[in-house]
Amino acid sequence: MFNSNNYERPSYSDEEHVHEFLGSTKLAGEGERCHNHRFAGVTGEAIPIMGGNHTHKLFTNTDFSKKHYHELPAETGPAIPVGQGRHVHFVRTRTTFDAGHFHLAIFATLIEDPLS
């Protein structure tokens, strides 16, 4: 069993920050089974990549709709500057395969640390 007291978070020097995210999956299913799911969460800390940029991993569950939900794992793309020293990340992923289908999800994270 996972014990959070023994977990050591990795440190990435100048890149210690996270991003909130939220969105809706693309539609799946046909007729009365056609539906989508909502999701929200917070990424993990920054992971340095070549070229001085970084990505983030994320994992969340969707809401419960049509008697099921999905897990949504992903790694963001590199940081995209949006001005004033801030950035966001683009994400394109798909949910787990549950209830006979999966959903695509395309979204951007929110800016990091919005109040500073």
# chains A, B, ... in the order shown; residues from 1 in each chain; ligands from 1
>>> residues_around(residues="Arg92 in chain A", least_positions_apart="3", cutoff="8 Å", atoms="only C-alpha atoms", output="list in words")
Ala74, Thr76, Leu104, Ala105, Ile106 and Phe107 of chain A
>>> write_last_selection(atoms="C-alpha atoms", output="short mmCIF file (atom, residue, chain, number, x, y, z; two decimals), in the first residue's frame")
data_model
loop_
_atom_site.label_atom_id
_atom_site.label_comp_id
_atom_site.auth_asym_id
_atom_site.auth_seq_id
_atom_site.Cartn_x
_atom_site.Cartn_y
_atom_site.Cartn_z
CA ALA A 74 -1.43 12.82 -19.85
CA THR A 76 1.56 18.32 -21.32
CA LEU A 104 -10.45 12.55 -26.81
CA ALA A 105 -9.52 15.54 -24.68
CA ILE A 106 -7.85 18.70 -26.01
CA PHE A 107 -7.23 21.59 -23.64
#
>>> residues_around(residues="His103 in chain A", least_positions_apart="4", cutoff="12 Å", atoms="only C-alpha atoms", output="ChimeraX atom specification")
/A:24-29,34-39,62,69-73,92-99
>>> residues_around(residues="Glu20 in chain A", least_positions_apart="6", cutoff="9 Å", atoms="only C-alpha atoms", output="MDAnalysis selection string")
chainID A and resid 40:43 109:112
>>> select_by_dssp(residues="range 20-111 of chain A", states="strand (DSSP E)", output="PyMOL selection string")
chain A and resi 20-24+38-42+47-48+54-55+57-61+71-75+79-83+86-94+104-108
>>> write_last_selection(atoms="N, CA and C atoms", output="compact mmCIF listing (two decimals), in the first residue's frame")
# COMPACT_ATOMS: atom_id res chain seq x y z
N GLU A 20 -3.28 24.45 -12.77
CA GLU A 20 -4.63 23.92 -12.71
C GLU A 20 -5.08 23.63 -14.15
N PHE A 21 -6.02 22.72 -14.29
CA PHE A 21 -6.61 22.45 -15.60
C PHE A 21 -8.06 22.04 -15.41
N LEU A 22 -8.85 22.26 -16.43
CA LEU A 22 -10.24 21.83 -16.43
C LEU A 22 -10.72 21.78 -17.87
N GLY A 23 -11.72 20.97 -18.12
CA GLY A 23 -12.23 20.88 -19.48
C GLY A 23 -13.31 19.84 -19.61
N SER A 24 -13.69 19.59 -20.85
CA SER A 24 -14.68 18.58 -21.20
C SER A 24 -14.10 17.73 -22.31
N ARG A 38 -16.77 15.81 -17.92
CA ARG A 38 -15.98 16.95 -17.45
C ARG A 38 -14.86 16.45 -16.55
N PHE A 39 -13.82 17.26 -16.43
CA PHE A 39 -12.68 16.90 -15.59
C PHE A 39 -12.00 18.17 -15.09
N ALA A 40 -11.24 18.03 -14.02
CA ALA A 40 -10.46 19.14 -13.45
C ALA A 40 -9.36 18.55 -12.58
N GLY A 41 -8.32 19.32 -12.35
CA GLY A 41 -7.24 18.85 -11.49
C GLY A 41 -6.07 19.80 -11.48
N VAL A 42 -4.97 19.32 -10.96
CA VAL A 42 -3.72 20.08 -10.87
C VAL A 42 -2.61 19.18 -11.37
N ILE A 47 8.79 19.12 -15.25
CA ILE A 47 9.79 18.13 -15.64
C ILE A 47 10.66 18.77 -16.73
N PRO A 48 11.92 19.08 -16.45
CA PRO A 48 12.78 19.72 -17.44
C PRO A 48 12.95 18.85 -18.68
N HIS A 54 10.03 22.76 -20.30
CA HIS A 54 9.56 21.75 -19.36
C HIS A 54 8.15 21.30 -19.73
N THR A 55 7.75 20.16 -19.17
CA THR A 55 6.40 19.62 -19.30
C THR A 55 5.88 19.30 -17.90
N LYS A 57 3.25 16.19 -15.88
CA LYS A 57 2.36 15.03 -15.96
C LYS A 57 1.09 15.37 -15.20
N LEU A 58 -0.01 14.74 -15.62
CA LEU A 58 -1.27 14.93 -14.91
C LEU A 58 -2.06 13.65 -14.95
N PHE A 59 -2.94 13.51 -13.98
CA PHE A 59 -3.81 12.35 -13.90
C PHE A 59 -5.05 12.75 -13.12
N THR A 60 -6.23 12.44 -13.66
CA THR A 60 -7.47 12.71 -12.95
C THR A 60 -8.54 11.75 -13.43
N ASN A 61 -9.66 11.75 -12.76
CA ASN A 61 -10.83 11.02 -13.20
C ASN A 61 -11.82 12.00 -13.80
N GLU A 71 -10.53 7.42 -16.57
CA GLU A 71 -9.31 8.04 -16.07
C GLU A 71 -8.71 8.84 -17.22
N LEU A 72 -8.03 9.94 -16.87
CA LEU A 72 -7.44 10.80 -17.88
C LEU A 72 -5.98 11.06 -17.50
N PRO A 73 -5.06 10.26 -18.07
CA PRO A 73 -3.64 10.46 -17.85
C PRO A 73 -3.04 11.25 -19.02
N ALA A 74 -2.04 12.07 -18.75
CA ALA A 74 -1.43 12.82 -19.85
C ALA A 74 -0.11 13.43 -19.43
N GLU A 75 0.65 13.84 -20.42
CA GLU A 75 1.81 14.71 -20.20
C GLU A 75 1.60 15.91 -21.11
N ALA A 79 6.09 24.44 -22.39
CA ALA A 79 5.50 25.72 -22.00
C ALA A 79 5.30 26.63 -23.21
N ILE A 80 4.16 27.33 -23.21
CA ILE A 80 3.83 28.30 -24.27
C ILE A 80 3.71 29.67 -23.60
N PRO A 81 4.64 30.60 -23.87
CA PRO A 81 4.58 31.92 -23.24
C PRO A 81 3.30 32.67 -23.61
N VAL A 82 2.69 33.34 -22.63
CA VAL A 82 1.48 34.12 -22.87
C VAL A 82 1.65 35.58 -22.44
N GLY A 83 2.87 36.00 -22.16
CA GLY A 83 3.14 37.39 -21.78
C GLY A 83 3.34 37.55 -20.28
N ARG A 86 4.52 34.71 -17.97
CA ARG A 86 3.62 33.59 -17.68
C ARG A 86 3.58 32.61 -18.84
N HIS A 87 3.07 31.41 -18.58
CA HIS A 87 2.95 30.42 -19.64
C HIS A 87 1.81 29.45 -19.33
N VAL A 88 1.41 28.73 -20.37
CA VAL A 88 0.43 27.65 -20.28
C VAL A 88 1.01 26.44 -21.00
N HIS A 89 0.30 25.33 -20.97
CA HIS A 89 0.72 24.13 -21.68
C HIS A 89 -0.47 23.58 -22.44
N PHE A 90 -0.23 23.04 -23.62
CA PHE A 90 -1.26 22.41 -24.43
C PHE A 90 -1.27 20.92 -24.14
N VAL A 91 -2.46 20.33 -24.11
CA VAL A 91 -2.59 18.90 -23.84
C VAL A 91 -3.53 18.29 -24.88
N ARG A 92 -3.10 17.19 -25.44
CA ARG A 92 -3.95 16.39 -26.33
C ARG A 92 -3.79 14.94 -25.88
N THR A 93 -4.88 14.33 -25.44
CA THR A 93 -4.80 12.98 -24.89
C THR A 93 -6.12 12.26 -25.10
N ARG A 94 -6.21 11.06 -24.59
CA ARG A 94 -7.48 10.34 -24.62
C ARG A 94 -7.67 9.66 -23.27
N LEU A 104 -11.59 11.65 -26.61
CA LEU A 104 -10.45 12.55 -26.81
C LEU A 104 -10.62 13.76 -25.91
N ALA A 105 -9.50 14.32 -25.48
CA ALA A 105 -9.52 15.54 -24.68
C ALA A 105 -8.42 16.47 -25.20
N ILE A 106 -8.79 17.69 -25.52
CA ILE A 106 -7.85 18.70 -26.01
C ILE A 106 -8.09 19.96 -25.20
N PHE A 107 -7.05 20.44 -24.51
CA PHE A 107 -7.23 21.59 -23.64
C PHE A 107 -5.89 22.24 -23.33
N ALA A 108 -5.93 23.41 -22.73
CA ALA A 108 -4.74 24.11 -22.26
C ALA A 108 -4.83 24.24 -20.75
>>> select_by_dssp(residues="chain A", states="helix (DSSP H, G or I)", output="list of chain:residue names")
A:Ser4, A:Asn5, A:Asn6, A:Ser13, A:Asp14, A:Glu15, A:Gly31, A:Glu32, A:Arg33, A:Met50, A:Gly51, A:Gly52
